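Dumped protein-v4.cif below, it's mmCIF, C-alpha atoms:
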```
data_final
loop_
_atom_site.label_atom_id
_atom_site.label_comp_id
_atom_site.auth_asym_id
_atom_site.auth_seq_id
_atom_site.Cartn_x
_atom_site.Cartn_y
_atom_site.Cartn_z
CA MET A 1 10.48 -52.45 16.82
CA SER A 2 12.32 -52.67 13.56
CA GLN A 3 15.18 -50.27 13.03
CA THR A 4 13.58 -48.59 10.06
CA GLU A 5 10.43 -47.64 11.97
CA VAL A 6 10.43 -43.97 12.85
CA LYS A 7 8.73 -42.92 16.05
CA VAL A 8 6.38 -40.07 15.20
CA GLU A 9 4.57 -38.19 17.92
CA TYR A 10 1.26 -37.55 16.21
CA TRP A 11 -0.17 -35.82 19.27
CA ARG A 12 2.55 -33.16 19.35
CA TRP A 13 1.03 -30.01 17.90
CA PRO A 14 3.39 -27.28 16.70
CA GLU A 15 4.28 -24.51 19.14
CA TYR A 16 4.33 -20.96 17.84
CA ARG A 17 4.85 -17.30 18.67
CA SER A 18 4.10 -14.05 16.90
CA THR A 19 4.40 -10.29 17.22
CA VAL A 20 1.53 -8.16 15.98
CA PRO A 21 2.82 -5.66 13.41
CA ASN A 22 2.22 -1.91 13.75
CA VAL A 23 1.97 -2.00 17.54
CA SER A 24 4.75 -0.30 19.48
CA TRP A 25 5.39 -0.27 23.22
CA SER A 26 7.75 2.71 23.35
CA ASN A 27 5.04 5.24 24.31
CA ALA A 28 2.78 2.80 26.10
CA LYS A 29 1.08 3.75 29.36
CA ALA A 30 0.49 0.15 30.40
CA ILE A 31 2.36 -2.94 29.26
CA THR A 32 0.59 -5.93 30.74
CA ALA A 33 0.65 -9.65 30.22
CA GLY A 34 -1.54 -12.65 30.81
CA VAL A 35 -0.06 -16.09 31.27
CA ASP A 36 -2.43 -19.01 30.92
CA ILE A 37 -0.86 -22.25 32.14
CA GLY A 38 -3.21 -24.93 30.89
CA SER A 39 -3.00 -28.63 31.54
CA VAL A 40 -1.70 -29.31 28.04
CA GLY A 41 -0.77 -25.93 26.54
CA SER A 42 0.70 -22.76 28.02
CA LYS A 43 -0.10 -19.42 26.48
CA ALA A 44 1.39 -15.99 27.11
CA ALA A 45 -0.04 -12.77 25.71
CA VAL A 46 1.60 -9.35 26.01
CA LEU A 47 -0.71 -6.36 25.70
CA VAL A 48 0.22 -2.77 25.01
CA ASP A 49 -2.49 -0.43 26.33
CA GLY A 50 -5.02 -3.23 26.06
CA GLU A 51 -4.08 -4.24 22.49
CA LEU A 52 -2.50 -7.59 21.73
CA TYR A 53 1.18 -7.08 20.94
CA ALA A 54 2.95 -10.44 21.16
CA PHE A 55 2.02 -13.98 22.07
CA ALA A 56 3.33 -17.49 22.35
CA ALA A 57 1.65 -20.89 22.69
CA MET A 58 3.60 -23.95 23.72
CA ARG A 59 3.16 -27.27 25.45
CA THR A 60 3.12 -27.27 29.24
CA GLY A 61 6.21 -29.02 30.56
CA GLY A 62 6.67 -31.00 33.73
CA VAL A 63 7.48 -27.94 35.81
CA SER A 64 4.80 -25.24 35.59
CA GLU A 65 7.07 -22.44 36.90
CA ALA A 66 9.67 -23.12 34.21
CA THR A 67 6.99 -23.34 31.52
CA ALA A 68 5.52 -20.00 32.60
CA VAL A 69 8.93 -18.31 32.36
CA LYS A 70 9.65 -19.99 29.03
CA ALA A 71 6.29 -18.99 27.55
CA ILE A 72 6.56 -15.32 28.52
CA ASN A 73 10.20 -15.10 27.42
CA TRP A 74 9.32 -16.64 24.09
CA ALA A 75 6.44 -14.19 23.61
CA LEU A 76 8.81 -11.30 24.44
CA GLU A 77 11.58 -12.60 22.15
CA GLY A 78 12.74 -10.00 19.65
CA THR A 79 10.43 -7.30 21.02
CA GLY A 80 13.07 -5.60 23.18
CA LEU A 81 10.91 -6.13 26.24
CA GLU A 82 11.71 -8.30 29.24
CA ILE A 83 9.74 -9.61 32.21
CA GLY A 84 10.93 -6.73 34.41
CA LYS A 85 9.44 -4.13 32.04
CA LEU A 86 5.93 -5.53 32.29
CA ASN A 87 3.76 -3.32 34.47
CA TYR A 88 1.41 -6.02 35.63
CA VAL A 89 1.13 -9.76 34.99
CA VAL A 90 -1.88 -11.92 35.78
CA GLY A 91 -1.66 -15.70 35.88
CA THR A 92 -4.56 -17.92 34.96
CA GLY A 93 -5.40 -21.49 34.02
CA TYR A 94 -4.96 -24.80 35.74
CA GLY A 95 -1.41 -23.96 36.84
CA ARG A 96 -2.05 -20.30 37.68
CA VAL A 97 -0.52 -20.49 41.14
CA ASN A 98 2.75 -21.51 39.50
CA VAL A 99 3.45 -18.29 37.62
CA PRO A 100 6.28 -16.84 39.73
CA PHE A 101 6.31 -13.37 38.15
CA ALA A 102 2.52 -12.83 38.25
CA LYS A 103 1.18 -10.25 40.70
CA ARG A 104 -2.16 -11.93 40.91
CA THR A 105 -4.11 -14.95 39.74
CA ILE A 106 -7.63 -14.95 38.31
CA THR A 107 -9.78 -17.95 37.51
CA GLU A 108 -9.62 -19.00 33.85
CA ILE A 109 -13.41 -18.86 33.61
CA ALA A 110 -13.45 -15.10 34.07
CA CYS A 111 -10.42 -14.74 31.78
CA HIS A 112 -11.95 -16.78 28.97
CA ALA A 113 -15.15 -14.73 29.07
CA ARG A 114 -13.13 -11.50 29.02
CA GLY A 115 -10.83 -12.78 26.28
CA ALA A 116 -13.71 -14.01 24.12
CA HIS A 117 -15.34 -10.61 24.55
CA TYR A 118 -12.12 -9.02 23.23
CA ILE A 119 -11.65 -11.45 20.32
CA TYR A 120 -15.25 -11.65 19.14
CA GLY A 121 -16.78 -8.39 20.31
CA PRO A 122 -19.53 -7.42 22.78
CA THR A 123 -22.29 -9.51 21.16
CA VAL A 124 -20.88 -12.72 22.68
CA ARG A 125 -23.27 -14.38 25.15
CA THR A 126 -22.11 -17.99 25.26
CA VAL A 127 -18.48 -19.04 25.37
CA LEU A 128 -17.47 -22.64 25.04
CA ASP A 129 -13.88 -23.26 25.98
CA ILE A 130 -12.55 -26.64 24.97
CA GLY A 131 -9.15 -27.00 26.50
CA GLY A 132 -6.64 -29.75 26.96
CA GLN A 133 -8.20 -31.46 29.94
CA ASP A 134 -11.45 -29.71 30.60
CA CYS A 135 -14.38 -28.15 28.93
CA LYS A 136 -16.09 -24.99 30.16
CA ALA A 137 -19.42 -23.54 29.21
CA ILE A 138 -19.74 -19.87 30.13
CA ARG A 139 -22.61 -17.41 29.74
CA CYS A 140 -21.65 -13.77 29.85
CA ASP A 141 -23.13 -10.30 29.43
CA GLU A 142 -22.21 -7.50 27.03
CA LYS A 143 -19.27 -6.45 29.23
CA GLY A 144 -17.73 -9.92 29.29
CA LYS A 145 -18.86 -10.49 32.89
CA VAL A 146 -19.65 -14.12 33.75
CA LEU A 147 -23.34 -14.83 34.42
CA SER A 148 -23.23 -18.60 34.62
CA PHE A 149 -20.58 -21.22 34.19
CA LEU A 150 -20.06 -24.92 34.24
CA MET A 151 -16.81 -26.78 34.09
CA ASN A 152 -16.17 -30.42 33.43
CA ASP A 153 -12.73 -31.44 34.57
CA LYS A 154 -13.57 -34.84 35.88
CA CYS A 155 -12.93 -36.69 32.68
CA ALA A 156 -11.05 -36.21 29.43
CA ALA A 157 -13.92 -37.11 27.09
CA GLY A 158 -14.69 -34.07 24.98
CA THR A 159 -11.28 -32.43 25.45
CA GLY A 160 -8.16 -31.73 23.47
CA ARG A 161 -6.21 -34.44 25.21
CA GLY A 162 -8.77 -36.96 23.95
CA LEU A 163 -8.00 -35.78 20.42
CA GLU A 164 -4.27 -36.19 21.02
CA VAL A 165 -4.80 -39.77 22.18
CA PHE A 166 -6.93 -40.46 19.13
CA ALA A 167 -4.35 -38.87 16.79
CA ASP A 168 -1.79 -41.33 18.09
CA LEU A 169 -4.17 -44.23 17.56
CA ILE A 170 -4.96 -43.56 13.91
CA ARG A 171 -1.52 -42.07 13.16
CA VAL A 172 -2.61 -38.73 11.85
CA PRO A 173 -1.05 -35.48 13.17
CA VAL A 174 -3.48 -33.94 15.65
CA GLN A 175 -3.80 -30.70 13.65
CA ASP A 176 -4.94 -32.66 10.56
CA LEU A 177 -7.55 -34.78 12.36
CA ASP A 178 -10.43 -32.46 11.51
CA LYS A 179 -9.84 -32.70 7.76
CA VAL A 180 -9.70 -36.49 8.00
CA SER A 181 -12.89 -36.61 10.07
CA LEU A 182 -14.77 -34.40 7.60
CA ASN A 183 -13.74 -36.58 4.68
CA VAL A 184 -16.85 -38.79 4.92
CA ASP A 185 -20.13 -38.71 3.01
CA GLN A 186 -22.21 -39.19 6.12
CA ASP A 187 -21.37 -39.29 9.84
CA PRO A 188 -21.37 -42.86 11.20
CA PRO A 189 -22.91 -43.56 14.65
CA PRO A 190 -20.69 -42.08 17.38
CA VAL A 191 -18.44 -44.12 19.67
CA SER A 192 -18.85 -44.03 23.47
CA ASN A 193 -18.65 -40.48 24.78
CA THR A 194 -18.17 -40.78 28.53
CA CYS A 195 -14.56 -41.89 28.58
CA VAL A 196 -11.50 -41.41 26.36
CA ILE A 197 -10.16 -44.87 27.16
CA PHE A 198 -13.41 -46.58 26.16
CA ALA A 199 -13.76 -44.37 23.10
CA LYS A 200 -10.22 -45.28 22.09
CA ALA A 201 -10.87 -49.00 22.63
CA GLU A 202 -14.07 -48.78 20.57
CA SER A 203 -12.28 -46.89 17.80
CA LEU A 204 -9.61 -49.57 17.72
CA ALA A 205 -12.30 -52.25 17.43
CA LEU A 206 -13.87 -50.35 14.51
CA LEU A 207 -10.50 -50.12 12.77
CA ARG A 208 -10.11 -53.87 13.23
CA GLN A 209 -13.52 -54.36 11.66
CA GLY A 210 -12.19 -52.64 8.57
CA TRP A 211 -13.61 -49.14 8.98
CA SER A 212 -11.54 -46.46 7.29
CA LYS A 213 -9.56 -43.93 9.34
CA GLU A 214 -11.90 -41.24 8.08
CA LYS A 215 -15.02 -43.06 9.24
CA VAL A 216 -13.57 -43.83 12.68
CA ALA A 217 -12.40 -40.23 13.03
CA ALA A 218 -15.91 -39.04 12.14
CA ALA A 219 -17.41 -41.36 14.79
CA TYR A 220 -14.93 -40.09 17.39
CA HIS A 221 -15.50 -36.41 16.56
CA THR A 222 -19.27 -36.87 16.64
CA ALA A 223 -19.00 -38.50 20.07
CA MET A 224 -16.94 -35.56 21.33
CA ALA A 225 -19.38 -33.03 19.92
CA ASN A 226 -22.32 -34.86 21.55
CA ARG A 227 -20.54 -34.88 24.87
CA ILE A 228 -19.82 -31.16 24.67
CA VAL A 229 -23.41 -30.34 23.69
CA ASP A 230 -24.61 -32.35 26.70
CA LEU A 231 -22.59 -30.12 28.99
CA LEU A 232 -23.57 -26.98 27.19
CA SER A 233 -27.27 -27.77 27.53
CA ARG A 234 -27.15 -27.22 31.29
CA VAL A 235 -26.18 -23.55 31.02
CA GLY A 236 -28.03 -23.06 27.74
CA VAL A 237 -26.83 -21.57 24.47
CA GLU A 238 -27.68 -18.03 23.49
CA LYS A 239 -26.44 -16.13 20.45
CA ASP A 240 -23.73 -15.09 19.80
CA PHE A 241 -22.02 -18.35 20.41
CA VAL A 242 -18.23 -18.68 20.26
CA ILE A 243 -15.67 -21.39 20.85
CA THR A 244 -12.27 -20.76 22.44
CA GLY A 245 -9.35 -22.94 23.42
CA GLY A 246 -7.18 -25.15 21.27
CA VAL A 247 -10.01 -27.39 20.06
CA ALA A 248 -11.73 -24.34 18.52
CA LYS A 249 -9.25 -24.83 15.67
CA ASN A 250 -10.57 -28.32 14.95
CA MET A 251 -13.23 -27.75 12.31
CA GLY A 252 -14.40 -31.36 12.66
CA ILE A 253 -15.69 -30.52 16.15
CA VAL A 254 -16.84 -27.00 15.28
CA LYS A 255 -18.87 -28.10 12.24
CA ARG A 256 -20.54 -30.92 14.17
CA LEU A 257 -21.37 -28.63 17.10
CA GLU A 258 -22.87 -26.22 14.63
CA LYS A 259 -25.01 -28.99 13.16
CA ILE A 260 -26.26 -30.31 16.51
CA LEU A 261 -26.93 -26.89 18.07
CA ASN A 262 -28.14 -25.31 14.87
CA ILE A 263 -26.20 -22.17 15.76
CA LYS A 264 -23.22 -21.02 13.75
CA PRO A 265 -20.33 -19.99 15.98
CA LEU A 266 -18.69 -16.65 15.13
CA GLU A 267 -15.47 -16.76 13.12
CA PRO A 268 -12.48 -15.91 15.33
CA LYS A 269 -10.62 -12.70 14.43
CA MET A 270 -7.50 -14.00 16.14
CA ASP A 271 -6.17 -17.26 17.49
CA PRO A 272 -8.89 -18.62 19.84
CA ILE A 273 -6.31 -20.55 21.88
CA LEU A 274 -5.24 -17.18 23.33
CA ALA A 275 -8.59 -16.24 24.89
CA GLY A 276 -7.53 -17.11 28.45
CA ALA A 277 -4.17 -15.33 28.26
CA LEU A 278 -5.74 -12.31 26.57
CA GLY A 279 -8.43 -12.08 29.25
CA ALA A 280 -5.76 -12.26 31.94
CA GLY A 281 -3.79 -9.50 30.19
CA LEU A 282 -6.90 -7.30 30.05
CA PHE A 283 -7.58 -7.87 33.75
CA ALA A 284 -3.92 -7.01 34.37
CA LYS A 285 -4.46 -3.68 32.63
CA ALA A 286 -7.55 -2.94 34.75
CA LEU A 287 -5.69 -3.90 37.92
CA TYR A 288 -2.64 -1.82 36.96
CA GLU A 289 -4.79 1.23 36.31
CA LYS A 290 -6.53 0.74 39.64
CA GLU A 291 -3.16 0.45 41.38
CA GLN A 292 -1.92 3.65 39.70
CA GLY A 293 -5.09 5.49 40.65
CA LEU A 294 -4.71 4.54 44.29
CA ARG A 295 -1.19 5.89 44.56
CA MET B 1 -23.61 -15.44 38.53
CA ARG B 2 -24.69 -19.04 38.64
CA ALA B 3 -21.63 -21.11 39.48
CA HIS B 4 -22.00 -24.80 38.71
CA TYR B 5 -19.75 -27.06 40.75
CA GLY B 6 -19.67 -30.73 39.97
CA TYR B 7 -19.78 -32.91 36.91
CA LYS B 8 -21.79 -35.05 34.61
CA ASP B 9 -20.92 -38.69 34.15
CA GLY B 10 -22.50 -41.83 32.76
CA SER B 11 -24.91 -42.06 35.71
CA GLY B 12 -26.27 -38.53 35.71
CA ASP B 13 -25.79 -34.83 36.41
CA TYR B 14 -24.28 -33.86 39.74
CA PHE B 15 -24.05 -30.11 40.17
CA ILE B 16 -24.36 -27.80 43.13
CA ILE B 17 -25.36 -24.43 41.76
CA ILE B 18 -24.54 -21.34 43.77
CA ASP B 19 -26.06 -18.04 42.75
CA THR B 20 -23.31 -15.63 43.72
CA ASP B 21 -25.59 -12.62 43.24
CA LYS B 22 -27.84 -13.99 45.97
CA CYS B 23 -25.06 -15.34 48.23
CA ASN B 24 -24.40 -12.82 50.99
CA GLY B 25 -21.26 -14.52 52.26
CA CYS B 26 -22.73 -15.34 55.68
CA GLY B 27 -21.16 -18.80 55.81
CA LYS B 28 -24.16 -20.52 57.42
CA CYS B 29 -24.17 -23.26 54.76
CA VAL B 30 -20.57 -24.10 55.57
CA LYS B 31 -21.53 -24.75 59.20
CA ALA B 32 -24.70 -26.61 58.21
CA CYS B 33 -22.99 -29.11 55.90
CA PRO B 34 -22.15 -32.22 57.93
CA TYR B 35 -19.60 -33.40 55.39
CA HIS B 36 -17.63 -30.16 54.91
CA VAL B 37 -18.44 -29.97 51.23
CA LEU B 38 -18.92 -26.21 51.19
CA GLU B 39 -16.39 -23.51 52.01
CA MET B 40 -16.12 -19.75 51.84
CA VAL B 41 -13.77 -18.40 49.18
CA PRO B 42 -13.02 -14.92 47.90
CA ASN B 43 -15.13 -14.31 44.81
CA GLU B 44 -12.60 -14.50 42.00
CA PHE B 45 -15.07 -13.13 39.52
CA ASP B 46 -15.28 -9.62 40.91
CA LEU B 47 -11.97 -7.90 41.44
CA GLU B 48 -13.04 -6.90 44.98
CA GLY B 49 -12.92 -10.51 46.11
CA ASN B 50 -15.96 -10.53 48.45
CA PRO B 51 -16.55 -13.85 50.22
CA MET B 52 -18.83 -16.38 48.55
CA ALA B 53 -19.77 -19.99 49.14
CA ALA B 54 -18.24 -22.64 46.89
CA VAL B 55 -17.85 -26.39 46.78
CA GLY B 56 -14.42 -27.31 48.13
CA GLU B 57 -11.85 -28.35 45.57
CA GLU B 58 -11.51 -31.88 46.96
CA HIS B 59 -15.26 -32.54 46.64
CA ARG B 60 -15.85 -31.20 43.14
CA LYS B 61 -15.13 -34.47 41.40
CA LYS B 62 -17.03 -36.67 43.84
CA ILE B 63 -20.05 -34.70 45.07
CA LYS B 64 -22.33 -37.55 44.06
CA TYR B 65 -20.77 -39.44 46.97
CA SER B 66 -20.00 -36.49 49.27
CA CYS B 67 -23.64 -35.38 49.23
CA ALA B 68 -25.19 -38.85 49.16
CA PRO B 69 -25.78 -39.16 52.95
CA CYS B 70 -28.08 -36.11 52.90
CA LYS B 71 -30.07 -37.19 49.86
CA PRO B 72 -33.51 -38.68 50.58
CA VAL B 73 -33.91 -42.36 49.72
CA ALA B 74 -37.61 -41.74 49.16
CA GLY B 75 -39.99 -38.81 49.47
CA GLU B 76 -39.20 -35.21 50.32
CA ARG B 77 -36.36 -34.10 52.49
CA LYS B 78 -34.70 -30.71 52.45
CA LEU B 79 -30.94 -30.61 52.37
CA PRO B 80 -29.17 -28.93 55.33
CA CYS B 81 -27.24 -26.53 53.07
CA VAL B 82 -30.39 -25.48 51.18
CA LEU B 83 -32.30 -25.00 54.47
CA ALA B 84 -29.48 -22.98 56.03
CA CYS B 85 -29.23 -20.56 53.13
CA GLU B 86 -31.48 -17.58 53.88
CA PRO B 87 -31.11 -15.86 50.49
CA LYS B 88 -31.84 -19.21 48.76
CA ALA B 89 -28.65 -19.18 46.76
CA ILE B 90 -27.97 -22.94 46.79
CA GLU B 91 -29.51 -25.46 44.42
CA HIS B 92 -28.76 -29.10 43.69
CA SER B 93 -29.25 -30.53 40.21
CA TRP B 94 -30.11 -34.05 41.38
#
```

As structure tokens - that is how I would like this structure written.
Amino acid sequence: MSQTEVKVEYWRWPEYRSTVPNVSWSNAKAITAGVDIGSVGSKAAVLVDGELYAFAAMRTGGVSEATAVKAINWALEGTGLEIGKLNYVVGTGYGRVNVPFAKRTITEIACHARGAHYIYGPTVRTVLDIGGQDCKAIRCDEKGKVLSFLMNDKCAAGTGRGLEVFADLIRVPVQDLDKVSLNVDQDPPPVSNTCVIFAKAESLALLRQGWSKEKVAAAYHTAMANRIVDLLSRVGVEKDFVITGGVAKNMGIVKRLEKILNIKPLEPKMDPILAGALGAGLFAKALYEKEQGLR
Amino acid sequence: MRAHYGYKDGSGDYFIIIDTDKCNGCGKCVKACPYHVLEMVPNEFDLEGNPMAAVGEEHRKKIKYSCAPCKPVAGERKLPCVLACEPKAIEHSW
């Protein structure tokens, strides 16, 4: 490697936190939190009486416990709250057993359905969660209760991690991939969609053949969308259809899903990456109220 | 709720579908399965946590192979788990 070459981590998406304005916890009856430790990203959401108050999204580190503490502390930063003041915390996601301050864990499938119900409203019937290392198709009723679900966590094709790998290959920051992939007149035939490694190898071959970055990105995104639709077809798609998880922010995938399924997903009213953490926070509120009622 | 356990890969769809509304938590399928694929777990989807049948974590990514010995090579043959389930809550996709 020459000395002038700068190592850029194209896969590294920016971490962020935010506090929702005009929400105050000083008179709150229930301050709850949901912590969603995903395989790639960790999300923490703090809710005041069932309303989103503060949140943080960051990359999952090597130690899940430390990441969980870091995520919640970052979400609470500047709010005057601390972990001890939270009435109830629910852990969810791939690393849910590793949230040391959580009173209970709930499967991310239930949390995503509940969170999507909160973000998009009660008309949601199909939730597609595209996370870092898995993809979940969930059917739910008007209360956000899960009716049917399917999860693919056997392989990384059709997941966020696959996008990160691809971002590194074509040297485009992962959050800009969608714009690049949509910058084509017509979608080329997709690459292989059953394996990220094969898809990456095929993409590399196409680049060698002289395809533009945009065209290869379009082929890769189309392959991912096809893969996701394949999974979705087993549980079926019913309106309203929504997408959650980090990949919901990639319009290259969203637009192609829309084209294949011929259903327009609802526009998110807040960050769709938070759905799992939000759902967990809402379950925390229900559990806290139940606990209070029993006393 | 219809819980799909399993995966789809290049060779086909491999899902065991458990209808948790039908599952009464009796555990007969767990005893019937000769390869210990099924187990009873607390239902994480209702906050009460009633017992329900599920595919064990270690089998979820390889049920094509875990269930292979029970699958008929030719003709009809009922699977032990499906036969054992009185409320007919278990279904295989392949």

For this session: Between CA of Cys111 in chain A and CA of Ile138 in chain A, measure the distance and give it in Å to one decimal.
Result: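 Distance reported for this atom pair: 10.8 Å.
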
Give me the residues near Gly132 in chain A as a PDB file with C-alpha atoms, keeping the file's coordinate frame, where near means some atom within 6 Å (using all atoms listed in the file) and where sequence neighbours in that chain fewer than 2 positions away do not count.
```
ATOM      1  CA  SER A  39      -3.000 -28.630  31.540  1.00  0.00           C
ATOM      2  CA  VAL A  40      -1.700 -29.310  28.040  1.00  0.00           C
ATOM      3  CA  THR A 159     -11.280 -32.430  25.450  1.00  0.00           C
ATOM      4  CA  GLY A 160      -8.160 -31.730  23.470  1.00  0.00           C
ATOM      5  CA  ARG A 161      -6.210 -34.440  25.210  1.00  0.00           C
TER       6      ARG A 161
END
```

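The list of residues within 7 Å of (-24.0, -30.6, 45.6), counted using all atoms listed in the file, is B:Tyr14, B:Phe15, B:Ile16, B:Ile63, B:Cys67, B:His92.
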
Exercise. Within 9 Å of Leu232 in chain A, counting all atoms listed in the file, which residues qualify if same-chain residues fewer than 5 places away don't, as a list in words?
Worked result: Leu128, Lys136, Ala137, Ile138, Leu150, Arg227 and Val237 of chain A

Exercise. Got a sec to resolve the PyMOL selection byres ((chain A) within 10 of (chain B)) on this structure and send the residues as a VMD selection string?
Worked result: chain A and resid 105 to 111 137 to 140 145 to 155 193 to 195 227 230 to 231 234 to 235 283 286 to 287

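This file gives the following result for the PyMOL selection byres ((chain A and resi 70-72) around 9): Ala33, Gly34, Val35, Ser42, Lys43, Ala44, Ala45, Val46, Phe55, Ala56, Ala57, Met58, Glu65, Ala66, Thr67, Ala68, Val69, Asn73, Trp74, Ala75, Leu76, Glu77, Glu82 and Ile83 of chain A.
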
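Considering the residues A:Asn98, A:Thr79, A:Thr222, A:Asn183 and counting all atoms listed in the file, Ser64 in chain A has its shortest atom-to-atom contact with A:Asn98.
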
Problem set entry | For Phe241 in chain A: contacts at 10 Å, all atoms listed in the file, fewer than 2 positions along chain excluded, given as JSON, numbers by chain | {"A": [120, 123, 124, 125, 126, 127, 128, 139, 237, 238, 239, 243, 258, 263, 264, 265, 266, 267]}

Please write the residues picked by the PyMOL selection byres ((chain A and resi 273) around 12) on this file as an mmCIF file with C-alpha atoms, keeping the file's coordinate frame.
```
data_model
loop_
_atom_site.group_PDB
_atom_site.id
_atom_site.type_symbol
_atom_site.label_atom_id
_atom_site.label_comp_id
_atom_site.auth_asym_id
_atom_site.auth_seq_id
_atom_site.Cartn_x
_atom_site.Cartn_y
_atom_site.Cartn_z
ATOM 1 C CA GLU A 15 4.280 -24.510 19.140
ATOM 2 C CA TYR A 16 4.330 -20.960 17.840
ATOM 3 C CA ASP A 36 -2.430 -19.010 30.920
ATOM 4 C CA ILE A 37 -0.860 -22.250 32.140
ATOM 5 C CA GLY A 38 -3.210 -24.930 30.890
ATOM 6 C CA VAL A 40 -1.700 -29.310 28.040
ATOM 7 C CA GLY A 41 -0.770 -25.930 26.540
ATOM 8 C CA SER A 42 0.700 -22.760 28.020
ATOM 9 C CA LYS A 43 -0.100 -19.420 26.480
ATOM 10 C CA ALA A 44 1.390 -15.990 27.110
ATOM 11 C CA ALA A 45 -0.040 -12.770 25.710
ATOM 12 C CA PHE A 55 2.020 -13.980 22.070
ATOM 13 C CA ALA A 56 3.330 -17.490 22.350
ATOM 14 C CA ALA A 57 1.650 -20.890 22.690
ATOM 15 C CA MET A 58 3.600 -23.950 23.720
ATOM 16 C CA HIS A 112 -11.950 -16.780 28.970
ATOM 17 C CA GLY A 115 -10.830 -12.780 26.280
ATOM 18 C CA ALA A 116 -13.710 -14.010 24.120
ATOM 19 C CA ILE A 119 -11.650 -11.450 20.320
ATOM 20 C CA LEU A 128 -17.470 -22.640 25.040
ATOM 21 C CA ASP A 129 -13.880 -23.260 25.980
ATOM 22 C CA ILE A 130 -12.550 -26.640 24.970
ATOM 23 C CA GLY A 131 -9.150 -27.000 26.500
ATOM 24 C CA GLY A 132 -6.640 -29.750 26.960
ATOM 25 C CA GLY A 160 -8.160 -31.730 23.470
ATOM 26 C CA ILE A 243 -15.670 -21.390 20.850
ATOM 27 C CA THR A 244 -12.270 -20.760 22.440
ATOM 28 C CA GLY A 245 -9.350 -22.940 23.420
ATOM 29 C CA GLY A 246 -7.180 -25.150 21.270
ATOM 30 C CA VAL A 247 -10.010 -27.390 20.060
ATOM 31 C CA ALA A 248 -11.730 -24.340 18.520
ATOM 32 C CA LYS A 249 -9.250 -24.830 15.670
ATOM 33 C CA ASN A 250 -10.570 -28.320 14.950
ATOM 34 C CA PRO A 268 -12.480 -15.910 15.330
ATOM 35 C CA LYS A 269 -10.620 -12.700 14.430
ATOM 36 C CA MET A 270 -7.500 -14.000 16.140
ATOM 37 C CA ASP A 271 -6.170 -17.260 17.490
ATOM 38 C CA PRO A 272 -8.890 -18.620 19.840
ATOM 39 C CA LEU A 274 -5.240 -17.180 23.330
ATOM 40 C CA ALA A 275 -8.590 -16.240 24.890
ATOM 41 C CA GLY A 276 -7.530 -17.110 28.450
ATOM 42 C CA ALA A 277 -4.170 -15.330 28.260
ATOM 43 C CA LEU A 278 -5.740 -12.310 26.570
ATOM 44 C CA GLY A 279 -8.430 -12.080 29.250
#
```

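Relative to CA of Glu86 in chain B, CA of Lys28 in chain B is found at 8.6 Å.
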
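Between Ala280 in chain A and the candidates A:Gly62, A:Val242, A:Lys29, A:Ala113, the tightest atom-to-atom separation, counting all atoms listed in the file, involves A:Ala113.
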
Exercise. Can you list, as a list in words, every protein, DNA or RNA residue that comes within 6 Å of range 36-42 of chain B when you count only C-alpha atoms, leaving out same-chain residues fewer than 6 positions away?
Worked result: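 Residues meeting the cut-off are Val30, Gly49, Asn50, Pro51, Met52, Ala53, Ala54, Val55 and Gly56 of chain B.
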
Exercise. Counting all atoms listed in the file, what is within 9 Å of Leu47 in chain A, bar same-chain residues fewer than 4 positions away, as a ChimeraX atom specification?
Worked result: /A:25,30-34,51-55,278,281-282,285

For this session: Figure out the distance between CA of Asn24 in chain B and CA of Lys71 in chain B, please, to one decimal in Å.
Result: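 It comes out at 25.0 Å.
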
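Distance annotation: of A:Gly293, A:Gly95, A:Pro173, A:Pro100, the residue with the minimal separation from Pro14 in chain A is A:Pro173; atom set is all atoms listed in the file.
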